[in-house]
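Asks: Can you read through this structure? Questions will come right after.
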Amino acid sequence: MSRWKYPLILLGGIGISNVGAWVYLIALNLIILNETGSPLAIACLYILGPIATICSNAWAGSLIDRVNTRWLMMGLDVFRAICIVLIPLLPSLMYVYVLAFIINMGSAIFQPTSMVYMTKLIPENNRQRFNALRSFINSCGALIGPAIAGILFWMGTPYTAIYMNAMALFFSALIIMMLPNVDTRLEETEEKKLTWATIKNDFRIVFHFSKNYPYVIKIYLLFSGTTIFMTAIDSLEAAFAKGVLAISDTNYSFLLTVFGAGIIIGSIINSVFSKQLAVNFLIGMGTIFTSIGYIIFYSSSGFFSATPAVFLMGFAITFANTGYLTFYQGHVPVEMMGRFGSIFSVIEAGFIVALTILAGVAAELTSVRPVGLIGSFAFFLLGLLALKAVTGAKRRDYFKKDVSSLNS
């Protein structure tokens with residue numbers, strides 16, 4: 001247990017922050033919907049996240065790899081909490097969008113920062129189990145967060161929930177303060193200021209690494225492709241469930257609960273059998289079965305046929321995410337992980353925006369089901385590519401290597 005003291009504290013902070021994020025998202029949706037009554041206004045809110053990533057992460061990686069990640073995480077939590085507290089005080093909706101964009105930028109920087117910190121904190125032989133537990137915590141947040149939001153709305157207003165999320169972020173910062181410092185700052189980064197020349201040089205470093213380790217980039221791009229396809233297809237999910245399948249609000253909420261249950265069960269299996277489940281198996285089979293879940297969902301005719309599909313989607317994605325994250329942590333040098341993750345996340349966010357808009361426009365011009373099925377089958381082809389990329393004796397051996405063996 002002594003080895004898991006700090007990882008468990010970190011998971012607790014992640015859990016509190018995740019619950020708060022769900023409360024904030026639902027509350028902000030209701031605030032904007034009450035103000036405008038426009039679904040388009042809500043859609044604009046969802047686009048802010050990837051656009052914020054594009055604006056911030058082109059340079060954020062250079063900062064992450066040059067500062068104390070623990071202090072940066074604490075600072076971002078406090079900064080976002082202060083911004084969230086200001087939302088109820090703003091005079092118009094335009095200011096809310098601007099502040100939400102700034103909060104999203106903070107979240108976009110926090111994600112690769114936390115990945116670097118986690119990789120340094122968690123020993124290599126515990127990372128696969130930790131990643132599974134992290135999926136479990138996140139899925140619990142997805143179930144508990146909306147429930148807490150509902151209670152807070154019943155007790156007060158959406159603004160009450162906004163303040164609750166700010167408190168959660170402050171508490172998360174206090175938890176991070178309890179964690180150890182894992183950074184040993186390198187002389188070559190310590191002496192350099194963050195300038196445009198430094199950022200350009202960092203791009204060259206990431207490009208050089210990508211050229212030298214094409215297989216690492218191939219697997220990472222498959223991971224990004226999974227995220228891109230899921231985000232784009234998920235944007236049609238509510239319209240399909242309610243508009244095509246005519247599922248009631250209650251049953252739709254139940255579908256979301258089934259999805260969360262799939263994630264929880266998958267995460268528990270991943271955690272318990274982390275030593276037995278090979279990383280390449282998790283990547284290949286997880287991606288394939290997640291895409292199959294989407295195909296079944298968009299082929300369904302009603303609530304009862306959609307339910308097992310939603311469960312399969314949640315169950316399988318935990319295997320894929322755990323496998324991809326464990327591979328990423330083992331094969332990208334932690335000294336450049338901030339730069340690597342940030343630069344590639346900009347590309348990923350650009351594709352998310354483009355594909356999500358394309359899916360929405362196509363569904364508007366035709367209908368939701370064929371667009372969802374085309375996207376799901378394209379996702380399945382990506383799964384076949386992932387399975388092919390991780391199978392074979394030579395590639396199985398590659399998954400046993402860590403970053404130190406890569407660099408030798």
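By convention in this document, the chains of the structure tokens carry letters A, B, ... by their order, each chain's residues are numbered from 1, and ligands are numbered from 1 in the order they are shown.
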Might you pull out every residue within 8 Å of stretch 138-141 of chain A, with only C-alpha atoms counted and same-chain residues fewer than 2 positions away left off, and present them as a PDB file with C-alpha atoms, in the first residue's frame?
Replies:
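Listed below is the output, around17.pdb:
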ATOM      1  CA  ILE A  14      -8.684  13.424 -10.429  1.00  0.00           C
ATOM      2  CA  GLY A  15     -12.046  12.104  -9.215  1.00  0.00           C
ATOM      3  CA  ILE A  16     -13.031  15.334  -7.447  1.00  0.00           C
ATOM      4  CA  ASN A  18     -13.850  15.169 -12.838  1.00  0.00           C
ATOM      5  CA  VAL A  19     -17.090  15.329 -10.839  1.00  0.00           C
ATOM      6  CA  TRP A  22     -19.437  17.422 -15.136  1.00  0.00           C
ATOM      7  CA  ARG A 134      -8.157   6.312 -13.770  1.00  0.00           C
ATOM      8  CA  SER A 135     -10.782   5.199 -16.332  1.00  0.00           C
ATOM      9  CA  PHE A 136     -12.831   3.812 -13.440  1.00  0.00           C
ATOM     10  CA  LEU A 143     -22.306   8.960 -13.256  1.00  0.00           C
ATOM     11  CA  ILE A 144     -22.013  10.934 -10.013  1.00  0.00           C
ATOM     12  CA  GLY A 145     -21.478  14.390 -11.581  1.00  0.00           C
ATOM     13  CA  GLY A 260     -20.954   4.401 -17.603  1.00  0.00           C
ATOM     14  CA  ALA A 261     -21.562   0.912 -16.207  1.00  0.00           C
ATOM     15  CA  ILE A 263     -16.736   1.709 -18.459  1.00  0.00           C
ATOM     16  CA  ILE A 264     -16.763   0.788 -14.763  1.00  0.00           C
TER      17      ILE A 264
END
Asks: Would you kindly return, as an mmCIF file with N, CA and C atoms, in the first residue's frame, each protein, DNA or RNA residue with an atom no farther than 9 Å from any atom of A:Val371, considering only C-alpha atoms and excluding same-chain residues fewer than 4 positions away?
Replies:
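out.cif written:
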data_model
loop_
_atom_site.group_PDB
_atom_site.id
_atom_site.type_symbol
_atom_site.label_atom_id
_atom_site.label_comp_id
_atom_site.auth_asym_id
_atom_site.auth_seq_id
_atom_site.Cartn_x
_atom_site.Cartn_y
_atom_site.Cartn_z
ATOM 1 N N ILE A 233 -18.689 11.016 -33.954
ATOM 2 C CA ILE A 233 -19.879 10.149 -33.959
ATOM 3 C C ILE A 233 -20.745 10.419 -32.739
ATOM 4 N N LEU A 236 -23.593 12.969 -32.781
ATOM 5 C CA LEU A 236 -24.885 12.613 -33.386
ATOM 6 C C LEU A 236 -25.717 11.717 -32.478
ATOM 7 N N ALA A 359 -19.842 15.951 -39.883
ATOM 8 C CA ALA A 359 -20.883 14.992 -39.488
ATOM 9 C C ALA A 359 -22.201 15.713 -39.228
ATOM 10 N N GLY A 360 -22.146 16.865 -38.567
ATOM 11 C CA GLY A 360 -23.364 17.616 -38.276
ATOM 12 C C GLY A 360 -24.046 18.127 -39.529
ATOM 13 N N ALA A 362 -23.657 16.906 -42.623
ATOM 14 C CA ALA A 362 -24.135 15.756 -43.401
ATOM 15 C C ALA A 362 -25.432 15.208 -42.823
ATOM 16 N N ALA A 363 -25.518 15.147 -41.491
ATOM 17 C CA ALA A 363 -26.743 14.656 -40.854
ATOM 18 C C ALA A 363 -27.914 15.606 -41.095
ATOM 19 N N THR A 366 -28.902 15.052 -44.887
ATOM 20 C CA THR A 366 -29.463 13.726 -45.182
ATOM 21 C C THR A 366 -30.288 13.271 -43.972
ATOM 22 N N SER A 367 -29.762 12.323 -43.230
ATOM 23 C CA SER A 367 -30.376 11.918 -41.961
ATOM 24 C C SER A 367 -29.293 11.353 -41.049
ATOM 25 N N GLY A 375 -19.780 6.765 -40.420
ATOM 26 C CA GLY A 375 -18.720 7.081 -39.463
ATOM 27 C C GLY A 375 -18.290 5.874 -38.650
ATOM 28 N N SER A 376 -19.255 5.027 -38.259
ATOM 29 C CA SER A 376 -18.947 3.832 -37.462
ATOM 30 C C SER A 376 -18.138 2.815 -38.268
#
Asks: Tell me, in Å to one decimal, how far atom CA of A:Gly286 is from atom CA of A:Phe319.
Replies: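 Between these atoms lies a distance of 4.9 Å.
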Asks: Find the spatial neighbours of stretch 153-164 of chain A, counting only C-alpha atoms, within a cut-off of 12 Å - ignore same-chain residues fewer than 4 positions away - and output them as a ChimeraX atom specification.
Replies: /A:16-17,19-34,80-90,100,145-149,168-171
Asks: Which of these, A:Thr250, A:Gly262, A:Arg129, A:Ala278, has the shortest distance to A:Phe311 once you count only C-alpha atoms?
Replies: A:Gly262
Asks: For stretch 26-119 of chain A against stretch 205-214 of chain A, with a cut-off of 12 Å and counting only C-alpha atoms, what is the closest atom pair and its distance in Å to one decimal for every residue that makes the cut, ordered by chain and number, as CSV?
Replies:
residue,atom,partner,partner_atom,distance
A:Ala58,CA,A:Val206,CA,12.0
A:Gly61,CA,A:Val206,CA,10.5
A:Ser62,CA,A:Val206,CA,10.8
Asks: Write the residues you've just listed into a file as a short mmCIF file (atom, residue, chain, number, x, y, z; two decimals), in the first residue's frame, and include C-alpha atoms for each of them.
Replies:
data_model
loop_
_atom_site.label_atom_id
_atom_site.label_comp_id
_atom_site.auth_asym_id
_atom_site.auth_seq_id
_atom_site.Cartn_x
_atom_site.Cartn_y
_atom_site.Cartn_z
CA ALA A 58 1.07 24.89 -29.87
CA GLY A 61 4.31 21.93 -24.38
CA SER A 62 7.44 24.07 -24.35
#
Asks: One decimal, Å: what's the distance from atom CA of A:Ala306 over to atom CA of A:Thr318, could you say?
Replies: 19.2 Å
Asks: What is the distance, in Å and to one decimal place, between atom CA of A:Ser56 and atom CA of A:Ser224?
Replies: 18.0 Å
Asks: My list of candidates is A:Lys120, A:Arg369, A:Arg70, A:Lys388. Which is closest to A:Ile283 when distances are computed with only C-alpha atoms?
Replies: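 Nearest to A:Ile283: A:Lys388.
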Asks: Mind running stretch 220-274 of chain A against stretch 323-344 of chain A at 12 Å and telling me each contacting residue's nearest atom pair with the distance in Å (one decimal), counting only C-alpha atoms, chain and number ascending, as a tab-separated table?
Replies:
residue	atom	partner	partner_atom	distance
A:Tyr220	CA	A:Tyr328	CA	7.1
A:Leu221	CA	A:Phe344	CA	8.7
A:Leu222	CA	A:Tyr324	CA	8.8
A:Phe223	CA	A:Tyr324	CA	6.3
A:Ser224	CA	A:Phe344	CA	8.5
A:Gly225	CA	A:Phe344	CA	11.5
A:Thr226	CA	A:Tyr324	CA	10.1
A:Thr227	CA	A:Tyr324	CA	11.1
A:Ser267	CA	A:Gly323	CA	11.6
A:Asn270	CA	A:Gly323	CA	9.6
A:Ser271	CA	A:Gly323	CA	11.8
A:Ser274	CA	A:Gly323	CA	10.2
Asks: Fewer than 4 positions away in the same chain doesn't count, so skip those; otherwise give me all residues within 8 Å of A:Val310, counting only C-alpha atoms, as JSON, numbers by chain.
Replies: {"A": [255, 256, 258, 259, 262, 293, 294, 297, 306, 314]}
Asks: Could you tell me which of A:Thr198, A:Ser291, A:Thr53, A:Thr69 comes closest to A:Gly372 if we count only C-alpha atoms?
Replies: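 Using only C-alpha atoms, the shortest distance to A:Gly372 belongs to A:Ser291.
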